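Dumped model.cif below, it's mmCIF, C-alpha atoms:
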data_coords
loop_
_atom_site.label_atom_id
_atom_site.label_comp_id
_atom_site.auth_asym_id
_atom_site.auth_seq_id
_atom_site.Cartn_x
_atom_site.Cartn_y
_atom_site.Cartn_z
CA VAL D 1 137.67 7.54 -29.26
CA GLN D 2 139.10 10.97 -29.88
CA LEU D 3 141.65 11.98 -32.47
CA GLN D 4 143.31 15.37 -32.30
CA ALA D 5 145.43 16.40 -35.27
CA SER D 6 148.06 19.11 -35.21
CA GLY D 7 151.07 20.34 -37.13
CA GLY D 8 149.67 21.71 -40.35
CA GLY D 9 150.73 24.98 -41.84
CA LEU D 10 152.20 26.81 -44.78
CA VAL D 11 155.48 25.65 -46.24
CA GLN D 12 157.42 26.24 -49.43
CA ALA D 13 157.85 23.53 -52.00
CA GLY D 14 160.68 21.23 -51.01
CA GLY D 15 160.10 21.84 -47.34
CA SER D 16 159.00 19.54 -44.55
CA LEU D 17 156.20 19.31 -42.04
CA ARG D 18 155.32 16.84 -39.33
CA LEU D 19 151.71 16.12 -38.51
CA SER D 20 150.79 14.53 -35.23
CA CYS D 21 147.58 12.82 -34.17
CA ALA D 22 146.93 12.39 -30.47
CA ALA D 23 144.68 9.37 -30.03
CA SER D 24 142.69 8.60 -26.92
CA GLY D 25 140.41 5.67 -26.27
CA ILE D 26 142.19 3.26 -28.57
CA THR D 27 144.81 0.56 -28.30
CA PHE D 28 147.17 0.54 -31.27
CA SER D 29 147.43 -3.23 -31.20
CA ARG D 30 143.71 -3.43 -32.04
CA TYR D 31 143.36 -0.48 -34.40
CA SER D 32 144.67 0.64 -37.72
CA THR D 33 145.46 4.34 -37.76
CA GLY D 34 146.45 6.65 -40.51
CA TRP D 35 146.21 9.85 -42.44
CA TYR D 36 143.93 10.85 -45.29
CA ARG D 37 143.80 14.09 -47.21
CA GLN D 38 141.28 16.01 -49.22
CA ALA D 39 142.20 18.70 -51.69
CA PRO D 40 139.62 21.23 -52.92
CA GLY D 41 137.26 19.63 -55.42
CA LYS D 42 138.74 16.17 -54.90
CA GLN D 43 137.76 13.08 -52.99
CA ARG D 44 139.37 12.21 -49.72
CA GLU D 45 142.27 9.84 -50.29
CA LEU D 46 144.47 7.64 -48.19
CA VAL D 47 147.96 9.02 -47.59
CA ALA D 48 149.39 6.48 -45.18
CA LEU D 49 148.25 3.98 -42.63
CA ILE D 50 149.82 1.78 -40.03
CA ARG D 51 148.04 -1.43 -39.20
CA SER D 52 147.57 -2.86 -35.76
CA GLY D 53 150.44 -5.26 -36.36
CA GLY D 54 152.75 -2.44 -37.39
CA SER D 55 152.88 -2.84 -41.16
CA THR D 56 152.37 0.28 -43.22
CA ASN D 57 150.71 1.27 -46.44
CA ILE D 58 151.89 4.44 -48.19
CA ALA D 59 150.17 5.99 -51.19
CA ASP D 60 152.24 5.89 -54.37
CA SER D 61 151.96 9.65 -54.73
CA VAL D 62 153.89 10.22 -51.50
CA LYS D 63 156.05 7.11 -51.32
CA GLY D 64 159.64 7.98 -50.57
CA ARG D 65 158.67 11.42 -49.26
CA PHE D 66 156.24 10.70 -46.42
CA MET D 67 156.65 8.37 -43.48
CA ILE D 68 154.11 7.27 -40.88
CA SER D 69 154.98 6.21 -37.37
CA ARG D 70 153.29 5.67 -34.06
CA ASP D 71 154.29 5.93 -30.45
CA SER D 72 152.30 3.59 -28.24
CA ALA D 73 153.46 5.25 -25.05
CA LYS D 74 152.48 8.73 -26.19
CA LYS D 75 149.49 7.41 -28.17
CA THR D 76 150.38 9.47 -31.19
CA VAL D 77 150.47 8.74 -34.89
CA ASP D 78 152.80 11.01 -36.81
CA LEU D 79 153.15 11.76 -40.49
CA GLN D 80 156.57 13.08 -41.46
CA MET D 81 156.29 14.87 -44.78
CA SER D 82 159.38 15.83 -46.76
CA SER D 83 160.06 17.21 -50.23
CA LEU D 84 156.61 18.70 -50.21
CA LYS D 85 155.00 19.65 -53.48
CA PRO D 86 152.18 22.10 -54.22
CA GLU D 87 149.98 19.11 -55.08
CA ASP D 88 150.30 17.97 -51.46
CA THR D 89 148.16 20.95 -50.47
CA ALA D 90 145.07 19.61 -48.74
CA VAL D 91 143.28 19.21 -45.48
CA TYR D 92 144.82 16.22 -43.71
CA TYR D 93 142.70 14.02 -41.47
CA CYS D 94 143.69 11.51 -38.86
CA HIS D 95 141.72 8.25 -38.94
CA ALA D 96 141.33 5.15 -36.80
CA ARG D 97 139.54 1.90 -37.46
CA ARG D 98 139.08 -0.97 -35.06
CA ASP D 99 140.21 -4.32 -36.41
CA PHE D 100 137.45 -6.66 -37.63
CA SER D 101 134.91 -3.88 -37.30
CA SER D 102 133.29 -1.26 -39.44
CA SER D 103 133.66 1.24 -36.61
CA ASP D 104 135.93 4.09 -37.46
CA TRP D 105 136.68 7.61 -36.30
CA TRP D 106 138.01 10.82 -37.81
CA GLY D 107 139.91 13.65 -36.29
CA GLN D 108 139.39 17.25 -37.26
CA GLY D 109 141.37 18.22 -40.30
CA THR D 110 144.57 20.20 -40.36
CA GLN D 111 145.41 22.36 -43.35
CA VAL D 112 148.66 21.84 -45.19
CA THR D 113 149.49 24.42 -47.84
CA VAL D 114 152.57 24.09 -50.02
CA SER D 115 153.51 27.17 -51.99
CA SER D 116 155.46 26.98 -55.24
#

Translate this structure into structure tokens?
Amino acid sequence: VQLQASGGGLVQAGGSLRLSCAASGITFSRYSTGWYRQAPGKQRELVALIRSGGSTNIADSVKGRFMISRDSAKKTVDLQMSSLKPEDTAVYYCHARRDFSSSDWWGQGTQVTVSS
């Protein structure tokens, strides 16, 4: 399994960014995939995930502003981020976990910086 994240950058508050995770070696129907983030001095936290069956879980802190989607043909998992706030600044990580297994994988992080 390989996860390759892209799309981070610097944006002003109120702006938008789209992160994309290219996933190889997995089948979306058997894996949950998602995005986590880690801000300096804080623990890594779940931002959004999409389960193998297609249902989603969005953190309360980003609900209504972020949306997760996947494209089975392209094997990508995207995080559309809107109305960004300075507190969204973090390194964002793509993640995959096989259903009914403790096996999971992380992509390299991508930095998102939101300036006020």

Taking 2 positions as the minimum chain separation for residues in the same chain, which residues sit within 6 Å of stretch 97-114 of chain D when counting all atoms listed in the file? Answer as a PDB file with C-alpha atoms, in the frame of the given file.
ATOM      1  CA  LEU D   3     141.650  11.980 -32.470  1.00  0.00           C
ATOM      2  CA  GLN D   4     143.310  15.370 -32.300  1.00  0.00           C
ATOM      3  CA  GLY D   8     149.670  21.710 -40.350  1.00  0.00           C
ATOM      4  CA  GLY D   9     150.730  24.980 -41.840  1.00  0.00           C
ATOM      5  CA  LEU D  10     152.200  26.810 -44.780  1.00  0.00           C
ATOM      6  CA  VAL D  11     155.480  25.650 -46.240  1.00  0.00           C
ATOM      7  CA  GLN D  12     157.420  26.240 -49.430  1.00  0.00           C
ATOM      8  CA  ALA D  13     157.850  23.530 -52.000  1.00  0.00           C
ATOM      9  CA  ARG D  30     143.710  -3.430 -32.040  1.00  0.00           C
ATOM     10  CA  TYR D  31     143.360  -0.480 -34.400  1.00  0.00           C
ATOM     11  CA  SER D  32     144.670   0.640 -37.720  1.00  0.00           C
ATOM     12  CA  PRO D  86     152.180  22.100 -54.220  1.00  0.00           C
ATOM     13  CA  THR D  89     148.160  20.950 -50.470  1.00  0.00           C
ATOM     14  CA  ALA D  90     145.070  19.610 -48.740  1.00  0.00           C
ATOM     15  CA  VAL D  91     143.280  19.210 -45.480  1.00  0.00           C
ATOM     16  CA  TYR D  92     144.820  16.220 -43.710  1.00  0.00           C
ATOM     17  CA  TYR D  93     142.700  14.020 -41.470  1.00  0.00           C
ATOM     18  CA  CYS D  94     143.690  11.510 -38.860  1.00  0.00           C
ATOM     19  CA  HIS D  95     141.720   8.250 -38.940  1.00  0.00           C
TER      20      HIS D  95
END

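Separating atom CA of D:Ser82 from atom CA of D:Gly41 is a distance of 24.1 Å.
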
List, as a list in words, every residue that the PyMOL selection byres ((chain D and resi 55) around 12) selects in the file provided.
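Written out, the selection comes to Phe28, Ser29, Tyr31, Ser32, Thr33, Gly34, Ala48, Leu49, Ile50, Arg51, Ser52, Gly53, Gly54, Thr56, Asn57, Ile58, Ile68, Ser69 and Arg70 of chain D.
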
Using all atoms listed in the file, find the one residue out of D:Tyr36, D:Leu19, D:Lys42, D:Gln2 that sits nearest to D:Ala59.
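For D:Ala59, the nearest of the given residues is D:Tyr36.
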
Could you work out how far atom CA of D:Ala22 lies from atom CA of D:Val47, giving the answer in Å with one decimal?
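Going from atom CA of D:Val47 over to atom CA of D:Ala22, I get 17.5 Å.
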
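Of note, atom CA of D:Ser6 and atom CA of D:Thr76 are spaced 10.7 Å apart.
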
All residues 8 Å or closer to D:Gly14, all atoms listed in the file, same chain fewer than 3 positions away omitted, as a VMD selection string
chain D and resid 82 to 85

Translate the PyMOL selection byres ((chain D and resi 16) around 6), as applied to the file shown, into an explicit residue set as a short mmCIF file (atom, residue, chain, number, x, y, z; two decimals) with C-alpha atoms, in the coordinates of the input.
data_model
loop_
_atom_site.label_atom_id
_atom_site.label_comp_id
_atom_site.auth_asym_id
_atom_site.auth_seq_id
_atom_site.Cartn_x
_atom_site.Cartn_y
_atom_site.Cartn_z
CA GLY D 15 160.10 21.84 -47.34
CA LEU D 17 156.20 19.31 -42.04
CA MET D 81 156.29 14.87 -44.78
CA SER D 82 159.38 15.83 -46.76
#

Compile the contact shell of D:Ser61 as a ChimeraX atom specification: residues with an atom at most 10 Å away, counting all atoms listed in the file, same-chain residues fewer than 4 positions apart removed.
/D:47,65-66,87-88
